[in-house]
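Note: the block below is work25.cif and it holds mmCIF, C-alpha atoms.
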```cif
data_coords
#
loop_
_atom_site.label_atom_id
_atom_site.label_comp_id
_atom_site.auth_asym_id
_atom_site.auth_seq_id
_atom_site.Cartn_x
_atom_site.Cartn_y
_atom_site.Cartn_z
CA MET A 59 31.71 -6.75 -6.42
CA ARG A 60 28.85 -6.81 -8.91
CA LEU A 61 26.54 -8.48 -6.41
CA VAL A 62 27.46 -5.96 -3.72
CA ARG A 63 26.78 -3.10 -6.13
CA PHE A 64 23.41 -4.63 -6.98
CA LEU A 65 22.43 -5.10 -3.32
CA LEU A 66 23.51 -1.56 -2.46
CA ALA A 67 21.48 -0.19 -5.37
CA LEU A 68 18.46 -2.21 -4.24
CA ALA A 69 18.79 -0.91 -0.67
CA ALA A 70 19.15 2.66 -1.93
CA ALA A 71 16.09 2.25 -4.17
CA SER A 72 14.02 0.89 -1.25
CA LEU A 73 15.08 3.79 0.96
CA ALA A 74 14.38 6.38 -1.74
CA HIS A 75 10.98 4.79 -2.40
CA ILE A 76 10.02 4.94 1.29
CA VAL A 77 11.33 8.48 1.83
CA GLY A 78 9.65 9.70 -1.38
CA SER A 79 6.29 8.25 -0.41
CA HIS A 80 6.63 9.99 2.98
CA LEU A 81 7.33 13.36 1.42
CA VAL A 82 5.04 13.52 -1.61
CA PRO A 83 1.64 11.87 -2.02
CA GLY A 84 1.51 10.13 -5.39
CA PHE A 85 5.30 9.91 -5.56
CA VAL A 86 5.17 6.13 -5.89
CA MET A 87 2.85 6.47 -8.89
CA ALA A 88 5.21 8.78 -10.74
CA VAL A 89 8.66 7.51 -9.81
CA ASP A 90 9.91 3.93 -9.76
CA PHE A 91 13.43 3.60 -8.39
CA PHE A 92 13.20 -0.19 -8.50
CA LEU A 93 12.76 -0.15 -12.27
CA VAL A 94 15.89 1.98 -12.62
CA VAL A 95 17.87 -0.64 -10.69
CA VAL A 96 16.55 -3.46 -12.90
CA VAL A 97 17.23 -1.67 -16.18
CA PHE A 98 20.63 -0.37 -15.15
CA HIS A 99 21.71 -3.79 -13.97
CA ALA A 100 20.36 -5.48 -17.10
CA LEU A 101 22.06 -2.97 -19.42
CA ASP A 102 25.34 -3.81 -17.76
CA GLY A 103 25.06 -7.60 -17.81
CA ASN A 104 23.78 -10.63 -19.68
CA THR A 105 20.23 -11.98 -19.97
CA LEU A 106 20.62 -14.26 -16.95
CA THR A 107 21.63 -11.43 -14.63
CA GLY A 108 18.87 -9.25 -16.09
CA LEU A 109 16.32 -11.98 -15.41
CA VAL A 110 17.49 -12.62 -11.85
CA ALA A 111 17.78 -8.91 -11.06
CA GLY A 112 14.25 -8.32 -12.34
CA LEU A 113 12.86 -11.18 -10.29
CA VAL A 114 14.57 -10.15 -7.03
CA VAL A 115 13.87 -6.42 -7.35
CA GLY A 116 10.26 -7.06 -8.38
CA LEU A 117 9.59 -9.27 -5.38
CA VAL A 118 11.13 -6.68 -3.03
CA GLN A 119 8.90 -4.02 -4.59
CA ASP A 120 5.88 -6.27 -4.16
CA SER A 121 6.47 -6.17 -0.39
CA LEU A 122 5.59 -2.49 -0.48
CA THR A 123 2.56 -2.66 -2.73
CA GLY A 124 -0.95 -3.96 -2.32
CA SER A 125 -2.82 -6.50 -4.44
CA LEU A 126 -1.32 -9.90 -5.29
CA TYR A 127 2.25 -10.63 -4.26
CA GLY A 128 4.40 -11.27 -7.31
CA LEU A 129 2.89 -8.85 -9.84
CA HIS A 130 6.05 -6.75 -10.02
CA GLY A 131 8.18 -9.89 -9.72
CA PHE A 132 6.65 -11.18 -12.95
CA ALA A 133 6.72 -7.84 -14.79
CA ASP A 134 10.28 -6.97 -13.78
CA THR A 135 11.57 -10.43 -14.74
CA ILE A 136 10.38 -9.76 -18.28
CA VAL A 137 11.73 -6.20 -18.24
CA GLY A 138 15.15 -7.35 -16.96
CA TYR A 139 15.44 -10.10 -19.55
CA LEU A 140 14.30 -7.97 -22.50
CA THR A 141 16.55 -5.05 -21.52
CA ALA A 142 19.59 -7.34 -21.29
CA LEU A 143 18.66 -8.91 -24.62
CA LEU A 144 18.45 -5.44 -26.16
CA ALA A 145 21.79 -4.45 -24.63
CA GLN A 146 23.42 -7.51 -26.21
CA ARG A 147 22.25 -6.47 -29.66
CA VAL A 148 22.52 -2.67 -29.49
CA VAL A 149 25.48 -0.64 -28.29
CA PHE A 150 24.29 2.40 -26.35
CA GLN A 151 26.67 5.24 -27.05
CA ARG A 152 24.37 8.21 -26.72
CA ALA A 153 22.34 9.36 -23.77
CA SER A 154 19.20 9.47 -25.92
CA GLY A 155 19.50 5.73 -26.56
CA VAL A 156 19.71 5.00 -22.85
CA MET A 157 16.71 7.24 -22.22
CA LEU A 158 14.71 5.36 -24.82
CA ALA A 159 15.64 2.05 -23.20
CA PHE A 160 14.33 3.30 -19.83
CA VAL A 161 11.11 4.63 -21.38
CA ALA A 162 10.53 1.33 -23.17
CA ALA A 163 11.21 -0.61 -19.97
CA ALA A 164 8.70 1.50 -18.00
CA LEU A 165 6.04 1.02 -20.67
CA VAL A 166 6.63 -2.74 -20.91
CA GLN A 167 6.45 -3.04 -17.12
CA GLN A 168 3.13 -1.18 -16.96
CA LEU A 169 1.70 -3.17 -19.89
CA VAL A 170 2.59 -6.47 -18.22
CA LEU A 171 1.13 -5.28 -14.90
CA ILE A 172 -2.10 -4.22 -16.62
CA GLY A 173 -2.26 -7.57 -18.40
CA LEU A 174 -1.81 -9.41 -15.11
CA VAL A 175 -4.53 -7.52 -13.22
CA LEU A 176 -6.89 -7.98 -16.17
CA VAL A 177 -6.27 -11.73 -15.99
CA PHE A 178 -6.51 -12.07 -12.22
CA PHE A 179 -9.29 -9.62 -11.28
CA ALA A 180 -12.86 -9.49 -12.49
CA ASP A 181 -13.24 -5.74 -12.02
CA PRO A 182 -9.67 -4.46 -11.87
CA GLU A 183 -8.35 -1.02 -11.11
CA LEU A 184 -5.95 0.19 -13.78
CA PRO A 185 -3.30 2.90 -13.62
CA PRO A 186 -4.31 6.20 -15.25
CA LEU A 187 -2.54 6.93 -18.56
CA GLY A 188 -1.13 10.22 -17.27
CA TRP A 189 0.65 8.44 -14.46
CA ILE A 190 2.08 5.85 -16.85
CA ALA A 191 3.53 8.68 -18.95
CA ALA A 192 4.90 10.36 -15.82
CA ARG A 193 6.49 7.10 -14.72
CA ALA A 194 8.12 6.58 -18.12
CA ALA A 195 9.44 10.15 -18.13
CA SER A 196 10.81 9.90 -14.60
CA ALA A 197 12.42 6.54 -15.39
CA ALA A 198 14.15 8.11 -18.39
CA LEU A 199 15.32 11.08 -16.35
CA LEU A 200 16.56 9.01 -13.44
CA GLY A 201 18.11 6.47 -15.78
CA ILE A 202 20.09 9.03 -17.69
CA MET A 203 21.26 10.66 -14.46
CA VAL A 204 22.50 7.34 -13.10
CA TRP A 205 24.06 6.41 -16.45
CA LEU A 206 25.91 9.72 -16.75
CA ALA A 207 27.07 9.53 -13.14
CA GLY A 208 28.28 5.97 -13.74
CA ALA A 209 30.15 6.98 -16.91
CA GLN A 210 31.82 9.88 -15.12
CA TRP A 211 32.81 7.70 -12.20
CA ARG A 212 34.26 5.10 -14.56
CA THR A 213 36.30 7.76 -16.41
CA ARG A 214 37.69 9.11 -13.13
CA TYR A 215 38.45 5.63 -11.85
CA ASP A 216 40.29 4.72 -15.06
CA GLY A 217 42.26 7.99 -14.89
CA TRP A 218 43.21 7.30 -11.29
CA ARG A 219 44.33 3.77 -12.16
CA ARG A 220 46.41 5.00 -15.08
CA SER A 221 48.13 7.69 -13.05
CA ARG A 222 48.73 5.21 -10.23
CA ALA A 223 50.29 2.73 -12.66
CA ALA A 224 52.48 5.48 -14.11
CA ARG A 225 53.76 6.35 -10.64
CA LEU A 226 54.77 2.78 -9.82
CA HIS A 227 58.38 1.90 -10.55
CA PHE A 228 59.49 -1.71 -10.51
CA ARG A 229 63.15 -2.40 -9.93
CA MET B 783 24.87 -20.29 -19.35
CA SER B 784 23.91 -20.46 -23.02
CA GLU B 785 21.21 -18.19 -24.41
CA ARG B 786 18.98 -21.18 -25.05
CA ARG B 787 19.17 -22.28 -21.42
CA THR B 788 18.53 -18.76 -20.18
CA ARG B 789 15.42 -18.59 -22.35
CA LEU B 790 14.25 -21.90 -20.90
CA LEU B 791 14.91 -20.59 -17.41
CA LEU B 792 12.90 -17.46 -18.20
CA VAL B 793 9.93 -19.56 -19.28
CA LEU B 794 10.20 -21.70 -16.14
CA VAL B 795 10.50 -18.67 -13.84
CA LEU B 796 7.52 -16.95 -15.46
CA ALA B 797 5.44 -20.12 -15.35
CA GLY B 798 6.33 -20.61 -11.69
CA GLN B 799 5.33 -17.05 -10.90
CA LEU B 800 2.03 -17.44 -12.74
CA VAL B 801 1.25 -20.53 -10.65
CA PHE B 802 2.25 -18.57 -7.54
CA LEU B 803 -0.11 -15.72 -8.51
CA THR B 804 -2.93 -18.08 -9.42
CA GLN B 805 -2.72 -19.74 -6.01
CA GLN B 806 -3.12 -16.38 -4.28
CA ALA B 807 -5.84 -15.05 -6.57
CA PRO B 808 -8.94 -16.78 -5.16
CA GLU B 809 -8.31 -15.44 -1.67
CA ALA B 810 -6.14 -12.35 -1.97
CA ALA B 811 -6.30 -11.76 1.79
CA SER B 812 -5.36 -15.24 2.96
CA GLY B 813 -2.51 -14.10 5.16
CA GLY B 814 0.17 -13.85 2.49
CA THR B 815 2.99 -16.12 1.44
CA PRO B 816 6.16 -16.72 3.50
CA LEU B 817 8.12 -14.82 0.86
CA GLU B 818 5.89 -11.77 1.18
CA ARG B 819 6.08 -11.94 4.97
CA ALA B 820 9.87 -12.04 4.74
CA GLY B 821 9.82 -9.03 2.40
CA VAL B 822 7.62 -7.02 4.75
CA ARG B 823 9.77 -8.08 7.71
CA ALA B 824 12.88 -6.80 5.91
CA LEU B 825 11.50 -3.50 4.58
CA ALA B 826 9.05 -2.45 7.29
CA PRO B 827 11.79 -1.67 9.86
CA VAL B 828 13.39 0.65 7.27
CA ALA B 829 10.04 2.36 6.78
CA ARG B 830 9.65 2.62 10.54
CA ALA B 831 13.10 4.18 10.91
CA VAL B 832 12.30 6.70 8.15
CA ASP B 833 8.98 7.48 9.81
CA ALA B 834 10.70 7.98 13.18
CA GLY B 835 13.29 10.24 11.51
CA PHE B 836 10.58 12.43 9.98
CA GLU B 837 8.73 12.57 13.29
CA SER B 838 11.79 13.69 15.22
CA ALA B 839 12.53 16.31 12.54
CA ALA B 840 8.97 17.56 12.92
CA GLY B 841 9.49 17.58 16.69
CA VAL B 842 12.60 19.75 16.35
CA ARG B 843 10.70 22.14 14.06
CA GLY B 844 7.85 22.22 16.57
CA ARG B 845 10.20 23.11 19.43
CA LEU B 846 11.60 25.97 17.41
CA ARG B 847 8.18 27.53 16.93
CA ARG B 848 7.59 30.91 18.46
CA ARG B 849 6.35 31.12 22.00
CA ALA B 850 3.28 33.14 20.98
CA ASP B 851 2.18 30.35 18.65
CA LEU B 852 2.48 27.84 21.46
CA GLU B 853 0.49 30.01 23.86
CA ARG B 854 -2.28 30.44 21.32
CA GLU B 855 -2.31 26.70 20.65
CA ASN B 856 -2.36 25.98 24.37
CA LEU B 857 -5.39 28.22 24.84
CA ALA B 858 -7.23 26.58 21.96
CA LEU B 859 -6.44 23.13 23.34
CA ARG B 860 -7.68 24.09 26.82
CA GLU B 861 -10.97 25.23 25.32
CA GLU B 862 -11.24 22.00 23.39
CA VAL B 863 -10.52 19.91 26.49
CA GLU B 864 -13.28 21.77 28.33
CA ARG B 865 -15.71 21.18 25.49
CA LEU B 866 -14.78 17.49 25.28
CA ARG B 867 -15.20 17.09 29.04
CA ILE B 868 -18.74 18.39 28.86
CA GLU B 869 -19.44 16.15 25.88
CA ALA B 870 -17.99 13.12 27.71
CA LEU B 871 -20.23 13.84 30.70
CA ARG B 872 -23.29 14.02 28.46
CA ARG B 873 -22.28 10.81 26.70
CA HIS B 874 -21.74 9.08 30.00
CA GLU B 875 -25.30 9.94 31.03
CA LEU B 876 -26.59 8.65 27.69
CA GLU B 877 -24.58 5.46 28.03
CA GLU B 878 -25.97 4.85 31.50
CA GLU B 879 -29.47 5.44 30.23
CA ALA B 880 -28.92 3.10 27.27
CA ARG B 881 -27.57 0.43 29.64
CA ARG B 882 -30.61 0.75 31.90
CA LEU B 883 -32.99 0.51 28.96
CA ALA B 884 -31.09 -2.44 27.51
CA GLY B 885 -31.28 -4.17 30.87
CA ALA B 886 -35.01 -3.51 31.06
CA LEU B 887 -35.48 -5.01 27.61
CA ASP B 888 -33.09 -7.89 28.33
CA TYR B 889 -31.29 -6.88 25.16
CA ALA B 890 -28.16 -8.79 24.21
CA ARG B 891 -25.55 -6.11 23.65
CA ARG B 892 -22.91 -6.62 21.03
CA GLY B 893 -19.41 -7.44 22.23
CA VAL B 894 -17.34 -4.53 23.42
CA GLU B 895 -14.28 -3.88 21.24
CA ARG B 896 -10.84 -3.06 22.56
CA LEU B 897 -8.56 -0.72 20.70
CA HIS B 898 -4.81 -1.19 20.30
CA LEU B 899 -2.73 1.72 19.08
CA VAL B 900 -0.55 0.87 16.08
CA ASP B 901 1.97 3.04 14.28
CA VAL B 902 1.62 3.77 10.56
CA VAL B 903 5.09 3.25 9.11
CA TYR B 904 4.38 3.22 5.38
CA ILE B 905 1.37 4.28 3.38
CA ASP B 906 0.76 4.45 -0.33
CA HIS B 907 -2.83 5.62 -0.67
CA ALA B 908 -2.54 7.35 -4.02
CA SER B 909 -1.32 4.64 -6.38
CA TRP B 910 -3.47 1.93 -7.95
CA LEU B 911 -1.73 -0.79 -5.90
CA ARG B 912 -2.36 1.03 -2.63
CA THR B 913 -1.25 -0.38 0.67
CA LEU B 914 -0.50 0.44 4.30
CA VAL B 915 2.10 -1.08 6.63
CA VAL B 916 1.68 -0.70 10.39
CA TYR B 917 3.83 -1.55 13.40
CA GLY B 918 1.91 -3.10 16.25
CA GLY B 919 4.70 -3.38 18.84
CA ARG B 920 3.59 -5.82 21.50
CA THR B 921 0.07 -6.01 20.12
CA VAL B 922 -0.46 -9.29 18.35
CA LEU B 923 -2.15 -8.41 15.08
CA ARG B 924 -4.10 -10.99 13.10
CA VAL B 925 -5.39 -11.34 9.58
CA ASP B 926 -8.83 -9.76 8.99
CA GLN B 927 -8.50 -7.51 12.03
CA PRO B 928 -10.19 -4.15 11.33
CA LEU B 929 -8.14 -0.97 11.57
CA VAL B 930 -9.74 2.36 12.40
CA ALA B 931 -8.70 5.96 12.86
CA SER B 932 -10.46 8.43 15.11
CA SER B 933 -12.46 9.60 12.09
CA GLY B 934 -13.48 6.20 10.74
CA LEU B 935 -12.62 2.95 9.04
CA ILE B 936 -9.17 2.44 7.46
CA GLY B 937 -9.29 -1.18 6.32
CA ARG B 938 -8.32 -4.65 7.46
CA VAL B 939 -5.11 -6.58 8.06
CA VAL B 940 -4.25 -8.92 5.19
CA LEU B 941 -0.75 -10.03 6.19
CA VAL B 942 1.09 -10.25 9.48
CA SER B 943 4.87 -10.53 9.73
CA GLY B 944 6.16 -10.28 13.30
CA PRO B 945 5.09 -6.95 14.75
CA TYR B 946 4.36 -5.58 11.26
CA ALA B 947 1.18 -5.95 9.27
CA LYS B 948 0.06 -5.07 5.77
CA VAL B 949 -3.40 -3.55 5.53
CA GLN B 950 -5.87 -3.52 2.68
CA LEU B 951 -7.32 -0.01 2.58
CA VAL B 952 -11.05 0.46 2.36
CA THR B 953 -10.41 2.50 -0.84
CA ASP B 954 -8.90 -0.57 -2.53
CA ARG B 955 -10.93 -1.72 -5.53
CA ALA B 956 -10.72 -5.29 -4.26
CA ALA B 957 -11.97 -4.43 -0.76
CA ALA B 958 -15.67 -4.76 0.05
CA VAL B 959 -17.36 -3.53 3.19
CA GLY B 960 -20.93 -4.30 4.25
CA ALA B 961 -22.28 -0.83 5.02
CA MET B 962 -25.51 1.05 5.58
CA LEU B 963 -26.85 4.57 5.24
CA GLU B 964 -26.99 5.99 8.73
CA ARG B 965 -30.42 7.65 8.40
CA SER B 966 -32.45 5.14 6.41
CA ARG B 967 -30.48 2.02 7.55
CA ARG B 968 -30.46 0.80 3.93
CA GLN B 969 -27.65 -1.68 3.43
CA GLY B 970 -25.21 -2.00 0.56
CA VAL B 971 -21.61 -2.82 -0.27
CA VAL B 972 -18.89 -0.16 -0.26
CA ARG B 973 -15.83 -0.53 -2.51
CA GLY B 974 -13.00 1.66 -3.71
CA ASP B 975 -13.79 3.58 -6.89
CA GLY B 976 -10.23 3.42 -8.19
CA GLN B 977 -9.63 7.15 -7.72
CA GLY B 978 -9.18 7.32 -3.99
CA GLY B 979 -12.91 7.59 -3.28
CA LEU B 980 -15.60 5.03 -2.50
CA GLU B 981 -18.71 3.68 -4.18
CA MET B 982 -21.74 2.15 -2.52
CA ASP B 983 -23.57 -0.50 -4.52
CA PHE B 984 -26.82 -2.42 -4.14
CA VAL B 985 -28.90 0.37 -2.61
CA PRO B 986 -32.29 0.13 -4.36
CA LEU B 987 -33.65 3.10 -6.34
CA GLN B 988 -36.63 3.28 -3.99
CA ALA B 989 -34.34 4.25 -1.10
CA GLU B 990 -33.97 7.94 -0.40
CA VAL B 991 -30.33 8.94 -0.34
CA ALA B 992 -29.22 12.47 0.40
CA VAL B 993 -25.89 14.10 -0.31
CA GLY B 994 -24.07 14.62 2.97
CA GLU B 995 -25.57 11.52 4.57
CA LYS B 996 -23.17 9.40 6.61
CA VAL B 997 -22.44 5.76 5.77
CA VAL B 998 -21.39 3.36 8.51
CA THR B 999 -20.45 -0.31 8.63
CA ALA B 1000 -23.44 -2.63 8.84
CA GLY B 1001 -21.70 -5.44 10.73
CA ILE B 1002 -22.92 -8.02 8.22
CA ASP B 1003 -19.66 -9.09 6.62
CA GLY B 1004 -18.13 -10.86 9.59
CA VAL B 1005 -15.06 -8.59 9.53
CA TYR B 1006 -16.11 -5.11 10.58
CA PRO B 1007 -18.33 -4.43 13.60
CA ARG B 1008 -21.42 -2.29 13.15
CA GLY B 1009 -21.36 1.49 13.36
CA LEU B 1010 -17.86 2.47 12.16
CA ALA B 1011 -17.86 5.58 9.96
CA VAL B 1012 -16.99 4.64 6.38
CA GLY B 1013 -17.70 7.84 4.47
CA THR B 1014 -20.13 10.57 3.45
CA VAL B 1015 -22.35 10.62 0.38
CA VAL B 1016 -21.05 13.16 -2.14
CA ALA B 1017 -23.09 12.22 -5.21
CA VAL B 1018 -26.09 10.05 -6.06
CA GLU B 1019 -26.46 9.03 -9.69
CA PRO B 1020 -28.85 6.69 -11.44
CA GLY B 1021 -26.94 3.45 -11.76
CA SER B 1022 -28.44 0.26 -13.16
CA GLU B 1023 -32.20 -0.29 -13.47
CA LEU B 1024 -32.39 -1.42 -9.87
CA PHE B 1025 -29.76 0.36 -7.85
CA HIS B 1026 -28.39 3.82 -7.14
CA ARG B 1027 -24.80 4.66 -7.94
CA ILE B 1028 -23.62 6.34 -4.77
CA ARG B 1029 -20.25 8.04 -4.51
CA LEU B 1030 -18.71 8.53 -1.08
CA ALA B 1031 -15.85 10.54 0.33
CA PRO B 1032 -13.86 8.34 2.75
CA ALA B 1033 -14.26 9.25 6.42
CA VAL B 1034 -10.50 9.00 6.87
CA ASP B 1035 -7.99 11.38 5.32
CA PHE B 1036 -5.31 8.85 4.36
CA GLY B 1037 -2.83 11.59 3.57
CA ARG B 1038 -2.69 12.61 7.22
CA LEU B 1039 -2.68 9.21 8.83
CA GLY B 1040 -0.09 9.00 11.59
CA GLU B 1041 -1.44 6.26 13.77
CA ALA B 1042 -4.31 3.83 13.75
CA TYR B 1043 -6.19 1.54 16.11
CA ALA B 1044 -6.49 -2.20 15.67
CA LEU B 1045 -9.89 -3.36 16.80
CA GLU B 1046 -9.98 -6.38 19.04
CA ARG B 1047 -13.46 -7.80 19.11
CA ALA B 1048 -14.58 -9.52 22.27
CA PRO B 1049 -14.97 -13.24 21.69
CA VAL B 1050 -18.48 -14.64 21.43
CA PRO B 1051 -19.55 -15.80 24.93
CA ALA B 1052 -19.18 -19.57 25.41
CA PRO B 1053 -22.91 -20.32 25.96
CA LEU B 1054 -23.78 -18.50 22.73
CA ARG B 1055 -21.03 -20.35 20.87
CA GLU B 1056 -22.25 -23.68 22.16
CA ALA B 1057 -25.85 -22.81 21.37
CA SER B 1058 -24.93 -21.92 17.82
CA ALA B 1059 -22.94 -25.15 17.46
CA ASP B 1060 -25.91 -27.20 18.68
CA ALA B 1061 -28.42 -25.41 16.50
CA PRO B 1062 -29.95 -27.54 13.72
CA ARG B 1063 -28.58 -26.67 10.29
#
```

Here is the file; what I need is its structure written in the form of C-alpha cells.
Amino acid sequence: MRLVRFLLALAAASLAHIVGSHLVPGFVMAVDFFLVVVVFHALDGNTLTGLVAGLVVGLVQDSLTGSLYGLHGFADTIVGYLTALLAQRVVFQRASGVMLAFVAAALVQQLVLIGLVLVFFADPELPPLGWIAARAASAALLGIMVWLAGAQWRTRYDGWRRSRAARLHFR
Amino acid sequence: MSERRTRLLLVLVLAGQLVFLTQQAPEAASGGTPLERAGVRALAPVARAVDAGFESAAGVRGRLRRRADLERENLALREEVERLRIEALRRHELEEEARRLAGALDYARRGVERLHLVDVVYIDHASWLRTLVVYGGRTVLRVDQPLVASSGLIGRVVLVSGPYAKVQLVTDRAAAVGAMLERSRRQGVVRGDGQGGLEMDFVPLQAEVAVGEKVVTAGIDGVYPRGLAVGTVVAVEPGSELFHRIRLAPAVDFGRLGEAYALERAPVPAPLREASADAPR
C-alpha cells in the first residue's frame, strides 16, 4: 500500500511537472513537485525509506533535466535521509513546523546541487538566489497543502472506520 | 534495518553516485547512461501525450474562432505565399548561378544536409539545468546530431532512447559552438551566458563588431555545419586585454518552439575519405 502510494505520488509529480512546464515558462525553476514527494514520504517513514525515496525520485527528475545525470539523485538522497532523521527526532504537530521542514529541504537540495556543479564544472551556471527563494516558498506551500489534505483524509477515514465498526453486530 | 546500517548504506549510495557522476563528467554528452535512457523512455511518452493534449485543445480553440478572423488570416497567408513564391524563384536563379560558377571553378561543395522533422515534447529553457526532449518517430536520431528551427540553431542531441532524444540547448553554459560574425567572418566560440542569452568569446579587439550583426556557425567544431544562424549581437563590451565580450540574443525563441529539424549531414564521399586516410600524418 505504501509503495503504491509512493509510485502514484511520483507519477502525479511527473505529470504536474510536465504540464506546469508546458503552461508557464520558468515554472520548473520555481516549483519542484518531486521534492514534495521526497519530503512527504520521508516525514512519514524511517531513514531507509527516506533515502530510497530520495534516490528514486531524484533519478526520475534527472531524466527531465539537463547537465549530468544523477545530480538530483544525489541531492534528493541526502534530503530524504535528513528529513526522515529529523522526523524521527521531532514530532510535527503544527503546520508551521511542516512548512519549515519543506523550506529546509528545498534549501538543502539547492545547496547540494550547487556544491555538485561547482565540483564537476569549471565554469558552472548557478541558480539565481531569487529562484531558490521562490522554490523554497513553493515547496512550503505545496507541502502544507498536501499535509493538510492528508490529515483531513486520515480523519475522515478513521471516522468512517469507526462508524462502520459500530454498525457491525456479531452474533 | 538498524540506524547504523542505514547510515552505512547512505554513505555507500552517495559514494556510488559520486563515482557515477565522475564517470560522466569528462564527456557530458557521451550518449548517456542506460539508466538515464530508461528514464527518458519512461517519461518522454507522458510528455508527448501532454503535448498532444495541449495541441488538440489549441486546435479546438482555433476552430471556435470567428469566421472573420479566419478570413483575415487566410488573406494574409495568401499574400505571404505569393511573396515567398517570388522569393523562391529569385533564390532558385541564384542557386543555379552559384552552381554554374562553382562548376566553372571546380569548387568542392560542402555536403548537402537533409532535414528530418521532429516533435518537441518537453522543453525547459528557463531553468539553470535546461533541456529539451524531442520525438523523432521513424527518424533514427543519433548523438551529436544538430537540431535546428526555421529561425536558427537549437542545439545538439546528447542522448537517444528509442524514438526520443534529449538535446543540449545552445544556451546551455556547457555547450560550445564554433561560430563566426557574418559580415567580418571573424571566428569565435559561442556559449550560453547562464541567463538564457549567449556570449561569443575569442573575437580579438581589433575586429569590428556591430550591434545587430548576425552570428552563424563556422563549421569548425565537427558538429554543426557552416552557416546556421546562432544569434544577433546585442552588446559589445571590452572583455579581457585581448578579446571582446560579445553578448548575443539567440536566433531561436525557445519559448515558442513547437517542432524542430534534425540535420542529417551527407556522408563524406568515399574517395575523399580514403584520401584523408592515406594522407601522411

| task | Find the spatial neighbours of Ala74 (chain A), counting all atoms listed in the file, within a cut-off of 12 Å - ignore same-chain residues fewer than 4 positions away - and output them as a count of residues only. | result | 20

Counting only C-alpha atoms, a student should be able to say which residues of chain A come within 8 Å of chain B; what is the right answer, written as a PDB file with C-alpha atoms, in the coordinates of the input?
```pdb
ATOM      1  CA  SER A  72      14.020   0.890  -1.250  1.00  0.00           C
ATOM      2  CA  LEU A  73      15.080   3.790   0.960  1.00  0.00           C
ATOM      3  CA  ILE A  76      10.020   4.940   1.290  1.00  0.00           C
ATOM      4  CA  VAL A  77      11.330   8.480   1.830  1.00  0.00           C
ATOM      5  CA  SER A  79       6.290   8.250  -0.410  1.00  0.00           C
ATOM      6  CA  HIS A  80       6.630   9.990   2.980  1.00  0.00           C
ATOM      7  CA  PRO A  83       1.640  11.870  -2.020  1.00  0.00           C
ATOM      8  CA  GLY A  84       1.510  10.130  -5.390  1.00  0.00           C
ATOM      9  CA  VAL A  86       5.170   6.130  -5.890  1.00  0.00           C
ATOM     10  CA  MET A  87       2.850   6.470  -8.890  1.00  0.00           C
ATOM     11  CA  THR A 105      20.230 -11.980 -19.970  1.00  0.00           C
ATOM     12  CA  LEU A 106      20.620 -14.260 -16.950  1.00  0.00           C
ATOM     13  CA  LEU A 109      16.320 -11.980 -15.410  1.00  0.00           C
ATOM     14  CA  LEU A 117       9.590  -9.270  -5.380  1.00  0.00           C
ATOM     15  CA  VAL A 118      11.130  -6.680  -3.030  1.00  0.00           C
ATOM     16  CA  ASP A 120       5.880  -6.270  -4.160  1.00  0.00           C
ATOM     17  CA  SER A 121       6.470  -6.170  -0.390  1.00  0.00           C
ATOM     18  CA  LEU A 122       5.590  -2.490  -0.480  1.00  0.00           C
ATOM     19  CA  THR A 123       2.560  -2.660  -2.730  1.00  0.00           C
ATOM     20  CA  GLY A 124      -0.950  -3.960  -2.320  1.00  0.00           C
ATOM     21  CA  SER A 125      -2.820  -6.500  -4.440  1.00  0.00           C
ATOM     22  CA  LEU A 126      -1.320  -9.900  -5.290  1.00  0.00           C
ATOM     23  CA  TYR A 127       2.250 -10.630  -4.260  1.00  0.00           C
ATOM     24  CA  GLY A 128       4.400 -11.270  -7.310  1.00  0.00           C
ATOM     25  CA  LEU A 129       2.890  -8.850  -9.840  1.00  0.00           C
ATOM     26  CA  GLY A 131       8.180  -9.890  -9.720  1.00  0.00           C
ATOM     27  CA  PHE A 132       6.650 -11.180 -12.950  1.00  0.00           C
ATOM     28  CA  THR A 135      11.570 -10.430 -14.740  1.00  0.00           C
ATOM     29  CA  TYR A 139      15.440 -10.100 -19.550  1.00  0.00           C
ATOM     30  CA  PHE A 178      -6.510 -12.070 -12.220  1.00  0.00           C
ATOM     31  CA  PHE A 179      -9.290  -9.620 -11.280  1.00  0.00           C
ATOM     32  CA  ASP A 181     -13.240  -5.740 -12.020  1.00  0.00           C
ATOM     33  CA  PRO A 182      -9.670  -4.460 -11.870  1.00  0.00           C
ATOM     34  CA  GLU A 183      -8.350  -1.020 -11.110  1.00  0.00           C
ATOM     35  CA  LEU A 184      -5.950   0.190 -13.780  1.00  0.00           C
ATOM     36  CA  PRO A 185      -3.300   2.900 -13.620  1.00  0.00           C
TER      37      PRO A 185
END
```

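Residue membership of the PyMOL selection byres ((chain B and resi 1021) around 10) in the shown file amounts to Asp983, Phe984, Val985, Pro986, Leu987, Val1018, Glu1019, Pro1020, Ser1022, Glu1023, Leu1024, Phe1025, His1026, Arg1027 and Ile1028 of chain B.
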
Report the residues retrieved by the PyMOL selection byres ((chain B and resi 1017) around 10) from the displayed file, expressed as a PDB file with C-alpha atoms, keeping the file's coordinate frame.
```pdb
ATOM      1  CA  GLU B 981     -18.710   3.680  -4.180  1.00  0.00           C
ATOM      2  CA  VAL B 991     -30.330   8.940  -0.340  1.00  0.00           C
ATOM      3  CA  ALA B 992     -29.220  12.470   0.400  1.00  0.00           C
ATOM      4  CA  VAL B 993     -25.890  14.100  -0.310  1.00  0.00           C
ATOM      5  CA  GLY B 994     -24.070  14.620   2.970  1.00  0.00           C
ATOM      6  CA  THR B1014     -20.130  10.570   3.450  1.00  0.00           C
ATOM      7  CA  VAL B1015     -22.350  10.620   0.380  1.00  0.00           C
ATOM      8  CA  VAL B1016     -21.050  13.160  -2.140  1.00  0.00           C
ATOM      9  CA  VAL B1018     -26.090  10.050  -6.060  1.00  0.00           C
ATOM     10  CA  GLU B1019     -26.460   9.030  -9.690  1.00  0.00           C
ATOM     11  CA  ARG B1027     -24.800   4.660  -7.940  1.00  0.00           C
ATOM     12  CA  ILE B1028     -23.620   6.340  -4.770  1.00  0.00           C
ATOM     13  CA  ARG B1029     -20.250   8.040  -4.510  1.00  0.00           C
ATOM     14  CA  LEU B1030     -18.710   8.530  -1.080  1.00  0.00           C
ATOM     15  CA  ALA B1031     -15.850  10.540   0.330  1.00  0.00           C
TER      16      ALA B1031
END
```
